[in-house]
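start24.tsv follows; it contains TSV, C-alpha atoms and all ligand atoms.
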chain	number	residue	atom	x	y	z
A	467	MET	CA	69.48	100.36	105.21
A	468	SER	CA	68.66	100.53	108.91
A	469	ASN	CA	71.28	99.78	111.59
A	470	TRP	CA	74.11	99.33	109.11
A	471	ASP	CA	77.09	99.74	111.42
A	472	ASN	CA	78.98	96.54	110.64
A	473	PHE	CA	79.40	94.29	107.59
A	474	LYS	CA	76.18	93.47	105.73
A	475	GLU	CA	75.52	91.66	102.47
A	476	LEU	CA	75.11	93.58	99.23
A	477	VAL	CA	74.04	91.85	96.01
A	478	LEU	CA	75.87	92.31	92.71
A	479	VAL	CA	73.25	93.39	90.15
A	480	ASP	CA	75.50	94.29	87.21
A	481	LYS	CA	79.13	94.07	86.09
A	482	LYS	CA	80.44	96.10	83.12
A	483	ASP	CA	83.78	96.42	81.32
A	484	VAL	CA	85.08	99.99	81.51
A	485	CYS	CA	88.38	99.53	79.65
A	486	ASP	CA	91.32	97.14	79.69
A	487	THR	CA	91.75	95.77	83.28
A	488	ILE	CA	88.95	97.94	84.79
A	489	LYS	CA	85.38	96.79	85.44
A	490	SER	CA	82.48	98.51	87.20
A	491	PHE	CA	80.38	96.58	89.74
A	492	TYR	CA	76.84	97.61	90.72
A	493	PHE	CA	75.38	96.59	94.10
A	494	LYS	CA	71.97	96.80	95.75
A	495	ALA	CA	70.84	96.06	99.32
A	496	LYS	CA	70.00	92.37	99.72
A	497	ASN	CA	66.52	92.97	101.12
A	498	GLY	CA	65.61	95.75	98.66
A	499	GLU	CA	65.97	98.47	101.31
A	500	LYS	CA	67.23	101.96	100.46
A	501	LEU	CA	70.98	102.48	100.71
A	502	PRO	CA	72.53	105.41	102.60
A	503	LYS	CA	73.69	108.06	100.09
A	504	HIS	CA	77.45	108.49	99.97
A	505	ILE	CA	79.23	111.82	99.88
A	506	PRO	CA	81.25	111.99	96.63
A	507	GLY	CA	84.79	110.84	97.42
A	508	GLN	CA	83.76	108.23	99.98
A	509	PHE	CA	84.43	104.49	99.72
A	510	LEU	CA	83.00	101.15	100.85
A	511	PRO	CA	85.07	98.53	102.72
A	512	PHE	CA	84.45	94.98	101.36
A	513	LYS	CA	85.28	91.72	103.11
A	514	ILE	CA	85.81	88.25	101.63
A	515	LYS	CA	86.92	84.94	103.06
A	516	THR	CA	90.09	83.51	101.52
A	517	ASP	CA	91.38	79.97	101.09
A	518	ASP	CA	94.56	80.98	102.91
A	519	ALA	CA	94.32	79.48	106.40
A	520	LYS	CA	96.61	82.19	107.81
A	521	MET	CA	94.58	85.14	106.52
A	522	LYS	CA	91.04	83.70	106.72
A	523	GLU	CA	89.45	86.94	105.53
A	524	ILE	CA	90.61	90.16	103.91
A	525	ILE	CA	89.17	93.66	103.71
A	526	ARG	CA	89.77	96.10	100.83
A	527	THR	CA	88.18	99.48	100.20
A	528	TYR	CA	86.75	100.79	96.91
A	529	SER	CA	85.65	104.37	96.18
A	530	LEU	CA	82.13	104.91	94.91
A	531	SER	CA	82.42	106.13	91.33
A	532	ASP	CA	78.86	107.24	90.56
A	533	LEU	CA	76.39	109.92	91.65
A	534	PRO	CA	75.15	109.55	95.24
A	535	ASN	CA	71.83	107.68	95.26
A	536	GLU	CA	69.80	105.38	97.50
A	537	ASP	CA	69.28	102.57	94.97
A	538	THR	CA	72.60	101.27	93.62
A	539	TYR	CA	76.27	101.63	94.53
A	540	ARG	CA	78.87	101.53	91.75
A	541	ILE	CA	82.55	100.77	92.30
A	542	SER	CA	85.14	100.51	89.52
A	543	VAL	CA	88.04	98.18	90.12
A	544	LYS	CA	91.37	97.69	88.39
A	545	LYS	CA	92.47	94.07	88.27
A	546	ILE	CA	95.85	93.77	89.96
A	547	GLU	CA	98.08	90.84	88.90
A	548	GLY	CA	98.21	88.55	91.95
A	549	GLY	CA	95.77	90.78	93.86
A	550	ILE	CA	93.29	88.81	95.98
A	551	MET	CA	90.21	91.04	96.13
A	552	SER	CA	90.46	92.64	92.68
A	553	SER	CA	90.90	89.18	91.07
A	554	TYR	CA	87.99	87.81	93.09
A	555	LEU	CA	85.71	90.65	91.95
A	556	HIS	CA	86.78	90.37	88.29
A	557	ASN	CA	86.86	86.57	88.03
A	558	ASN	CA	84.56	85.08	90.64
A	559	LEU	CA	81.81	87.43	91.79
A	560	GLU	CA	78.82	86.94	89.47
A	561	ILE	CA	75.52	88.79	89.11
A	562	GLY	CA	73.21	87.63	91.91
A	563	ASP	CA	76.10	86.84	94.28
A	564	SER	CA	76.43	88.59	97.65
A	565	ILE	CA	79.44	90.23	99.23
A	566	GLU	CA	79.87	91.76	102.67
A	567	ALA	CA	80.39	95.53	102.83
A	568	MET	CA	80.38	98.37	105.34
A	569	PRO	CA	78.46	101.62	104.75
A	570	PRO	CA	80.14	104.53	102.89
A	571	CYS	CA	82.94	106.20	104.84
A	572	GLY	CA	86.00	108.39	104.35
A	573	ILE	CA	86.92	112.05	104.63
A	574	PHE	CA	88.22	112.69	101.09
A	575	VAL	CA	85.23	114.87	100.18
A	576	LEU	CA	84.85	118.41	98.87
A	577	ASP	CA	85.01	121.05	101.62
A	578	GLU	CA	81.43	122.31	101.77
A	579	ASN	CA	82.63	125.70	103.07
A	580	LEU	CA	84.59	126.56	99.92
A	581	PRO	CA	83.40	129.91	98.51
A	582	LYS	CA	80.93	129.31	95.65
A	583	ASP	CA	83.15	131.15	93.15
A	584	MET	CA	86.36	129.28	94.06
A	585	PRO	CA	87.50	127.00	91.21
A	586	ILE	CA	88.00	123.32	92.02
A	587	VAL	CA	90.69	121.29	90.25
A	588	LEU	CA	90.23	117.50	90.23
A	589	LEU	CA	93.31	115.55	89.07
A	590	SER	CA	93.33	111.80	88.63
A	591	GLY	CA	96.02	109.28	87.78
A	592	GLY	CA	94.89	105.86	86.49
A	593	ILE	CA	92.30	104.15	88.68
A	594	GLY	CA	92.47	107.15	91.04
A	595	ILE	CA	89.67	108.52	88.84
A	596	THR	CA	86.94	106.83	90.94
A	597	PRO	CA	86.39	109.28	93.85
A	598	LEU	CA	86.99	112.27	91.56
A	599	LEU	CA	84.45	111.10	88.99
A	600	SER	CA	81.80	110.96	91.70
A	601	MET	CA	82.76	114.51	92.76
A	602	LEU	CA	82.57	115.71	89.14
A	603	LEU	CA	79.19	114.08	88.46
A	604	ALA	CA	77.67	115.55	91.63
A	605	ASN	CA	79.06	119.08	91.30
A	606	ALA	CA	79.40	119.79	87.57
A	607	LYS	CA	76.30	121.99	87.45
A	608	ASP	CA	77.11	124.20	90.43
A	609	ARG	CA	80.89	124.55	90.54
A	610	ASN	CA	83.67	125.73	88.27
A	611	ILE	CA	85.53	122.41	88.01
A	612	ILE	CA	88.66	121.82	85.98
A	613	PHE	CA	89.11	118.09	85.40
A	614	VAL	CA	92.54	116.60	84.65
A	615	GLN	CA	92.87	112.90	83.84
A	616	ALA	CA	96.29	111.26	83.46
A	617	VAL	CA	96.54	107.71	82.08
A	618	GLN	CA	99.02	105.69	80.01
A	619	ASN	CA	97.10	105.56	76.73
A	620	SER	CA	93.72	104.81	75.14
A	621	ASN	CA	93.82	101.15	76.25
A	622	ILE	CA	93.45	102.11	79.90
A	623	HIS	CA	91.52	105.34	79.64
A	624	PRO	CA	88.38	104.88	81.79
A	625	PHE	CA	85.10	106.82	81.49
A	626	VAL	CA	86.17	108.83	78.40
A	627	SER	CA	82.70	109.62	77.09
A	628	ASP	CA	81.12	110.13	80.55
A	629	ILE	CA	83.72	112.79	81.37
A	630	ASP	CA	83.62	114.38	77.90
A	631	ASN	CA	79.84	114.64	77.99
A	632	ILE	CA	79.48	116.09	81.46
A	633	CYS	CA	82.27	118.61	80.87
A	634	LYS	CA	80.78	119.71	77.52
A	635	GLU	CA	77.25	119.98	78.93
A	636	ASN	CA	78.45	122.18	81.77
A	637	ASN	CA	81.14	124.09	79.92
A	638	LEU	CA	83.94	122.75	82.13
A	639	LYS	CA	87.59	122.40	81.14
A	640	ASN	CA	88.83	118.83	80.78
A	641	PHE	CA	92.47	117.92	80.09
A	642	VAL	CA	93.73	114.41	79.22
A	643	PHE	CA	97.38	113.36	79.62
A	644	TYR	CA	98.80	110.20	78.02
A	645	SER	CA	102.21	109.22	79.41
A	646	ASN	CA	102.76	106.47	76.86
A	647	PRO	CA	100.45	106.95	73.84
A	648	LEU	CA	99.91	104.12	71.37
A	649	ASP	CA	100.93	104.62	67.73
A	650	ASN	CA	97.32	105.29	66.73
A	651	ASP	CA	96.46	107.60	69.68
A	652	LYS	CA	95.93	111.08	68.27
A	653	LEU	CA	97.17	114.20	70.05
A	654	GLY	CA	94.36	116.80	70.08
A	655	LYS	CA	91.70	114.08	69.64
A	656	ASP	CA	92.32	111.25	72.11
A	657	TYR	CA	94.53	113.29	74.46
A	658	ASP	CA	95.69	116.85	75.03
A	659	VAL	CA	99.19	116.49	76.46
A	660	LYS	CA	101.89	113.83	76.11
A	661	GLY	CA	103.81	113.04	79.30
A	662	PHE	CA	103.20	113.81	82.96
A	663	VAL	CA	101.51	116.72	84.71
A	664	THR	CA	104.46	119.05	85.25
A	665	LYS	CA	104.93	122.16	87.37
A	666	GLU	CA	105.25	124.31	84.23
A	667	TRP	CA	102.02	122.93	82.80
A	668	ILE	CA	100.17	123.56	86.07
A	669	LYS	CA	101.46	127.15	86.20
A	670	GLU	CA	100.30	127.87	82.64
A	671	ASN	CA	96.97	126.05	82.67
A	672	LEU	CA	95.43	125.85	86.15
A	673	PRO	CA	94.11	128.56	88.46
A	674	LEU	CA	96.42	128.58	91.49
A	675	ASN	CA	93.68	130.13	93.64
A	676	ALA	CA	91.68	126.87	93.31
A	677	ALA	CA	91.08	124.06	95.79
A	678	PHE	CA	92.93	120.95	94.55
A	679	TYR	CA	91.79	117.34	94.98
A	680	PHE	CA	93.79	114.44	93.58
A	681	CYS	CA	94.15	110.68	93.65
A	682	GLY	CA	96.50	108.35	91.76
A	683	PRO	CA	99.75	106.40	92.01
A	684	PRO	CA	102.17	107.47	94.80
A	685	MET	CA	104.62	109.20	92.42
A	686	PHE	CA	101.81	111.17	90.75
A	687	MET	CA	100.56	112.45	94.09
A	688	GLU	CA	103.99	113.22	95.56
A	689	SER	CA	104.95	115.21	92.48
A	690	LEU	CA	101.63	117.11	92.41
A	691	GLU	CA	101.84	118.04	96.08
A	692	LYS	CA	105.44	119.22	95.73
A	693	ASN	CA	104.69	121.24	92.60
A	694	LEU	CA	101.58	122.88	94.04
A	695	ILE	CA	103.41	123.90	97.22
A	696	GLU	CA	106.33	125.28	95.17
A	697	LEU	CA	103.82	127.27	93.11
A	698	GLY	CA	102.46	128.83	96.31
A	699	VAL	CA	99.21	126.87	96.76
A	700	SER	CA	98.47	126.75	100.47
A	701	GLN	CA	98.48	123.35	102.13
A	702	ASP	CA	94.85	123.73	103.24
A	703	LYS	CA	93.79	123.81	99.56
A	704	ILE	CA	95.64	120.56	98.76
A	705	ASN	CA	93.63	117.37	99.34
A	706	TYR	CA	94.38	113.83	98.26
A	707	GLU	CA	93.44	110.19	98.80
A	708	LYS	CA	95.97	107.36	98.88
A	709	PHE	CA	94.86	103.98	97.51
A	710	SER	CA	97.44	102.10	99.58
B	1	LIG	C1	90.55	104.70	100.20
B	1	LIG	C2	90.85	103.70	99.11
B	1	LIG	C3	90.05	103.67	97.99
B	1	LIG	C4	90.33	102.77	96.96
B	1	LIG	N1	89.55	102.79	95.84
B	1	LIG	C5	89.84	101.96	94.82
B	1	LIG	C6	89.05	101.98	93.62
B	1	LIG	O1	88.09	102.75	93.49
B	1	LIG	N2	89.37	101.11	92.62
B	1	LIG	C7	90.45	100.24	92.74
B	1	LIG	O2	90.69	99.47	91.79
B	1	LIG	N3	91.21	100.22	93.86
B	1	LIG	C8	90.93	101.03	94.89
B	1	LIG	N4	91.67	100.98	96.03
B	1	LIG	C9	92.73	99.92	96.15
B	1	LIG	C10	92.09	98.63	96.69
B	1	LIG	O3	91.61	98.84	98.01
B	1	LIG	C11	93.05	97.45	96.74
B	1	LIG	O4	94.21	97.84	97.43
B	1	LIG	C12	93.43	96.93	95.37
B	1	LIG	O5	92.28	96.54	94.63
B	1	LIG	C13	94.38	95.72	95.50
B	1	LIG	O6	93.77	94.77	96.31
B	1	LIG	P1	93.93	93.20	96.01
B	1	LIG	O7	93.35	92.46	97.17
B	1	LIG	O8	93.44	92.87	94.65
B	1	LIG	O9	95.50	93.05	95.98
B	1	LIG	P2	96.44	92.47	97.16
B	1	LIG	O10	96.19	91.04	97.36
B	1	LIG	O11	96.35	93.39	98.32
B	1	LIG	O12	97.84	92.64	96.45
B	1	LIG	C14	98.35	93.94	96.12
B	1	LIG	C15	99.71	93.76	95.45
B	1	LIG	O13	100.59	93.08	96.31
B	1	LIG	C16	101.10	91.94	95.65
B	1	LIG	N5	101.17	90.85	96.64
B	1	LIG	C17	100.15	90.30	97.30
B	1	LIG	N6	100.61	89.36	98.14
B	1	LIG	C18	101.96	89.33	97.99
B	1	LIG	C19	103.01	88.60	98.58
B	1	LIG	N7	102.78	87.65	99.51
B	1	LIG	N8	104.26	88.86	98.20
B	1	LIG	C20	104.54	89.80	97.28
B	1	LIG	N9	103.58	90.54	96.67
B	1	LIG	C21	102.32	90.30	97.03
B	1	LIG	C22	100.11	91.58	94.57
B	1	LIG	O14	100.71	90.88	93.50
B	1	LIG	C23	99.66	92.94	94.17
B	1	LIG	O15	100.57	93.50	93.26
B	1	LIG	C24	91.42	101.87	97.07
B	1	LIG	C25	92.20	101.90	98.23
B	1	LIG	C26	91.92	102.79	99.23
B	1	LIG	C27	92.80	102.80	100.46
Could you spell out this file's structure in structure tokens?
Amino acid sequence: MSNWDNFKELVLVDKKDVCDTIKSFYFKAKNGEKLPKHIPGQFLPFKIKTDDAKMKEIIRTYSLSDLPNEDTYRISVKKIEGGIMSSYLHNNLEIGDSIEAMPPCGIFVLDENLPKDMPIVLLSGGIGITPLLSMLLANAKDRNIIFVQAVQNSNIHPFVSDIDNICKENNLKNFVFYSNPLDNDKLGKDYDVKGFVTKEWIKENLPLNAAFYFCGPPMFMESLEKNLIELGVSQDKINYEKFS
């Protein structure tokens, strides 16, 4: 889209359930123009007007969760109880409706100067999967990626088959953690490890000479950063995005 340096309208062209509480939203340019390609890891800021006279309008950002392309943007949003924008997207925005958005931005992207043979570890907690999924989809063919996904259980386990398929096709390692598995969740089938991503597990299972990228709840990220530093990973190989 030409001259897109402020908010412009995008049109919702599709809306799909991903899993419990998470939906994906697909947007195109209103006038059918090409969209600027995002760099995997980047997000779009969205703006809506609210009924609250004090706030008038609110802005929230959502990471692009698909491959970079010039046709359609996909975001994947977790519905937050009492959350204004996530509830609006889930409950009110319908196919054909417009919403104002800024072009892709953000600096949580893979360092393009990483040596080609350096492994890359992508670790996600919950809805923090979105920027990392885009990185995986775009780089699975060319990079040695190890993908780690931590969720509560199979009810809120987004993009299971997408991740399985791309990792199998490209011979990449993929680990799934369930912190609170359901009675019928099967260890070795639905998930690989019960509990959280611990320092001991990292030491035994991940290459410490890798570049690390992660996104998830605050506790997940604080614990990962602390553990990686204690295991000797240098700070310049530790990258993360906060969703708050
Ligand atoms: C870089 C970045 C990328 C992101 N990417 C994604 C993504 O890909 N997918 C995704 O789902 N999210 C993502 N987020 C988070 C997203 O931007 C929103 O923060 C999230 O959707 C919540 O927004 P909301 O308007 O629904 O909730 P808000 O209205 O902001 O509310 C958030 C919480 O505060 C509580 N709250 C609100 N008002 C009050 C009040 N007056 N008193 C007490 N509690 C209150 C709500 O109940 C809720 O629990 C990202 C954030 C960042 C910074």
Could you list, as a VMD selection string, all the residues within 7 Å of ligand LIG 1 (chain B), counting only C-alpha atoms and all ligand atoms?
-> chain A and resid 509 526 to 531 541 to 553 593 to 594 596 to 597 707 to 710
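Minimum distance to Asn705 of chain A across A:Met568, A:Met687, A:Val642, A:Ile612 (counting all atoms listed in the file) occurs at A:Met687.
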Which residues, written as JSON, numbers by chain, have at least one atom at most 8 Å from segment 623-637 of chain A, with all atoms listed in the file counted and residues fewer than 6 positions away on the same chain left out?
-> {"A": [484, 485, 488, 592, 593, 599, 603, 606, 607, 617]}
Across A:Pro683, A:Phe473, A:Tyr644, A:Lys489, the smallest distance to Ile525 of chain A, with only C-alpha atoms counted, is shown by A:Phe473
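For the set A:Val587, A:Thr487, A:Asp471, A:Tyr539, the residue with the smallest atom-to-atom gap to Asn671 of chain A is A:Val587, counting all atoms listed in the file.
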Do you have the atom CA of Met467 of chain A-atom CA of Ala567 of chain A distance handy?
-> 12.2 Å
Enumerate, as a PDB file with C-alpha atoms, in the coordinates of the input, the protein, DNA and RNA residues whose atoms approach (83.7, 125.8, 85.0) to within 7 Å, taking into account all atoms listed in the file and the coordinate frame of the file.
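Listing of selection.pdb after writing:
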ATOM      1  CA  ARG A 609      80.890 124.550  90.540  1.00  0.00           C
ATOM      2  CA  ASN A 610      83.670 125.730  88.270  1.00  0.00           C
ATOM      3  CA  ILE A 611      85.530 122.410  88.010  1.00  0.00           C
ATOM      4  CA  ILE A 612      88.660 121.820  85.980  1.00  0.00           C
ATOM      5  CA  ASN A 637      81.140 124.090  79.920  1.00  0.00           C
ATOM      6  CA  LEU A 638      83.940 122.750  82.130  1.00  0.00           C
ATOM      7  CA  LYS A 639      87.590 122.400  81.140  1.00  0.00           C
TER       8      LYS A 639
END
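Taking atom CA of Ile622 of chain A and atom CA of Lys660 of chain A as endpoints, the distance between them is 14.9 Å.
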List as a PyMOL selection string: which residues have an atom within 12 Å of (101.4, 115.8, 94.7), counting all atoms listed in the file?
-> chain A and resi 589-591+663-665+668+678-697+699+701+704-708
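The two atoms in question, atom CA of Val477 of chain A and atom CA of Tyr492 of chain A, are spaced 8.3 Å apart.
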Identify which of the residues A:Val614, A:Ile595, A:Ala677, A:Cys571 lies closest to Asp532 of chain A, counting only C-alpha atoms when measuring atom-to-atom distances.
-> A:Ile595
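With distances taken over all atoms listed in the file, A:Pro569 is the one residue among A:Met521, A:Asp656, A:Leu580, A:Pro569 lying closest to Asn469 of chain A.
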Box centre and edge lengths (Å, one decimal), axis-aligned, segment 611-620 of chain A plus 4 Å each side, as lines of an AutoDock Vina configuration file:
center_x = 92.3
center_y = 113.6
center_z = 81.6
size_x = 21.5
size_y = 25.6
size_z = 20.9
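Ranking A:Asp583, A:Glu536, A:Asp486, A:Glu523 by their shortest atom-to-atom distance to Lys503 of chain A, with all atoms listed in the file included, puts A:Glu536 first.
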Extract, using all atoms listed in the file, all DNA, RNA and protein residues at most 10 Å from Asp563 of chain A, discarding same-chain residues fewer than 3 positions from it, and format them as a short mmCIF file (atom, residue, chain, number, x, y, z; two decimals) with C-alpha atoms, keeping the file's coordinate frame.
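After the write, selection.cif holds the following:
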data_model
loop_
_atom_site.label_atom_id
_atom_site.label_comp_id
_atom_site.auth_asym_id
_atom_site.auth_seq_id
_atom_site.Cartn_x
_atom_site.Cartn_y
_atom_site.Cartn_z
CA GLU A 475 75.52 91.66 102.47
CA LEU A 476 75.11 93.58 99.23
CA VAL A 477 74.04 91.85 96.01
CA LEU A 478 75.87 92.31 92.71
CA VAL A 479 73.25 93.39 90.15
CA PHE A 493 75.38 96.59 94.10
CA LYS A 496 70.00 92.37 99.72
CA ASN A 558 84.56 85.08 90.64
CA LEU A 559 81.81 87.43 91.79
CA GLU A 560 78.82 86.94 89.47
#
